[in-house]
Every structure is written in C-alpha cells, then in structure tokens.
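Chemist: This is the structure I have questions about; it appears just below.
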Amino acid sequence: MRPARATDVDAIAELRATVMRPDLERLGRYDEHRVRRRLRDGFSPQHTSIIAAAGSFAGSVTLRPAEDGHWLEHFYLSPDVQGRGLGSAVLRTLLARTDTAAEPVRLNVLQGSPARRLYERHGFTVESQDPIDVFMLRLPVTNRTRQTLL
C-alpha cells in the first residue's frame with residue numbers, strides 16, 4: 001500500500017463504479033454519475049491508501065479518523081484480485097493499527113453484499129441496519145482479548 005494522492009481520485013471513482021454496480025443495481029440504487037460523484041465529493045487522500053498487486057493499481061481503502069475511533073471507507077478491490085486474500089491482508093494491516101491504538105472501527109456495507117462476510121471474519125458485528133445499508137462495528141482486540149479467545 002502507498003499513500004493516495006489527489007490525482008488518484010479518478011481511478012478510485014471508476015473502480016468504485018465497477019465493484020459497487022452489481023449490489024447497487026440489485027438494490028435499485030445504481031446511477032452511473034452519482035456513484036462516481038459520491039466518491040469524488042468525499043475523497044480524502046490524506047486518509048486513503050492505494051493498494052497495488054503485481055505493481056499495478058488494485059484498489060483503495062480509507063481509514064478516516066472519527067470522534068470515537070475510525071471509519072473504514074472506500075475499500076474497493078479490482079474484481080481480478082478479489083478472492084485471493086488481498087482484502088484480508090489489507091484489513092489485518094489496518095486493524096493491527098487500530099488495535100494498537102485501542103480504537104473501534106465502523107463501516108457500512110450494502111445489504112446483501114458479499115463483502116459483509118469478509119468484515120465478519122475480521123471481527124465486525126452488526127450495529128444497525130436499514131433496507132439499504134448494514135452498519136458494522138469492530139471493537140479493538142487487545143492482548144487480553146486475544147488470550148481470552150485462545
């Protein structure tokens with residue numbers, strides 16, 4: 001991973017449109033302009049990392065500080081690298097940082113998205129949901145928590 005630059009916004013917006021399209025269409029919410037505009041309007045390169053695989057752009061992830069922890073946002077992987085453990089590796093790296101800082105992480109995922117299983121495998125639980133979004137929370141894992149889990 002490398003820090004994002006302002007010039008990465010278009011590549012991330014295009015990837016977002018590609019990977020979110022099936023879920024947004026299923027939910028009747030896909031709009032080809034809005035899906036890109038929402039990314040551009042909320043893009044914060046200072047909190048975003050670019051994910052590379054085999055030296056090429058493969059995705060992005062944002063870990064945005066919040067009043068009570070962090071928000072995991074804009075986590076997109078190119079379809080050709082999905083299912084190979086890259087998403088888990090990225091999450092392990094980011095969550096190790098938030099665990100060290102003893103900070104919770106929140107995210108939202110679209111209803112029915114297969115990404116929800118990835119998040120659940122990494123300790124996220126449902127906080128609330130509505131017909132479109134599932135809001136999830138992961139509390140920090142401390143050494144004491146790890147020992148209890150073993």
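Going by the structure tokens order, chains are called A, B, ..., each with residues numbered from 1, while ligands are numbered from 1 in the order shown.
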Do you know which residues are at most 7 Å from region 121-133 of chain A counting only C-alpha atoms, after dropping those on the same chain fewer than 2 positions away, and could you put them as a list of chain:residue names?
Modeler: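 With the cut-off at 7 Å, the set is A:Asn108, A:Val109, A:Leu110, A:Gln111, A:Arg117, A:Leu118, A:Tyr119, A:Phe135, A:Met136, A:Leu137, A:Arg138.
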Chemist: Need the shell around region 65-75 of chain A: protein/DNA/RNA residues with any atom at most 7 Å away, counting only C-alpha atoms. Skip same-chain ones fewer than 4 positions apart. Format as a PyMOL selection string?
Modeler: chain A and resi 60-61+103-107
Chemist: Can you spit out the residues from that selection as a PDB file, in the first residue's frame, using C-alpha atoms?
Modeler:
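Contents of selection.pdb, freshly written:
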ATOM      1  CA  SER A  60      -8.110   1.611  -2.337  1.00  0.00           C
ATOM      2  CA  VAL A  61      -9.062   1.892   1.298  1.00  0.00           C
ATOM      3  CA  GLU A 103      -9.770   2.338  18.819  1.00  0.00           C
ATOM      4  CA  PRO A 104     -13.001   0.895  17.399  1.00  0.00           C
ATOM      5  CA  VAL A 105     -13.678   0.836  13.667  1.00  0.00           C
ATOM      6  CA  ARG A 106     -17.039   1.362  11.989  1.00  0.00           C
ATOM      7  CA  LEU A 107     -18.151   0.802   8.416  1.00  0.00           C
TER       8      LEU A 107
END
Chemist: Considering only strand (DSSP E or B) as DSSP defines it on the backbone, what residues of chain A qualify? List them as a PyMOL selection string.
Modeler: chain A and resi 2-3+48-53+56-66+69-77+105-110+125-129+133-138
Chemist: Got a sec: who's within 9 Å of region 19-34 of chain A, counting only C-alpha atoms, leaving out chain neighbours fewer than 4 positions off, as an MDAnalysis selection string?
Modeler: chainID A and resid 14:15 38:39 76:79 110:113 131:132
Chemist: Between CA of Val141 (chain A) and CA of Asp99 (chain A), what is the distance, to one decimal in Å?
Modeler: 5.4 Å
Chemist: For a quick check of understanding, using only C-alpha atoms, which of A:Arg2, A:Arg64, A:Arg36, A:Arg16 has the smallest distance to Thr98 (chain A)?
Modeler: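 Looking at the shortest contact to Thr98 (chain A), the residue is A:Arg64.
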Chemist: Which one is closest to Arg40 (chain A): A:Thr18, A:Thr7, A:Thr93, A:Thr142? Count only C-alpha atoms.
Modeler: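 That would be A:Thr7, the residue with the smallest distance to Arg40 (chain A).
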Chemist: One number please: CA of Ala53 (chain A) to CA of Pro140 (chain A), in Å, one decimal.
Modeler: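 Pair CA of Ala53 (chain A) / CA of Pro140 (chain A) returns 27.9 Å.
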Chemist: Contacts of Ala54 (chain A) at 12 Å or less, counting only C-alpha atoms, minus same-chain residues fewer than 4 places along, as a PyMOL selection string?
Modeler: chain A and resi 1+58+80-81+86
Chemist: Name the residues in contact with Thr48 (chain A) at a cut-off of 6 Å, using only C-alpha atoms, excluding same-chain residues fewer than 3 positions from it; report them as a list in words.
Modeler: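 Listed by chain and then number, they are Ala4, Pro45, Val61 and Thr62 of chain A.
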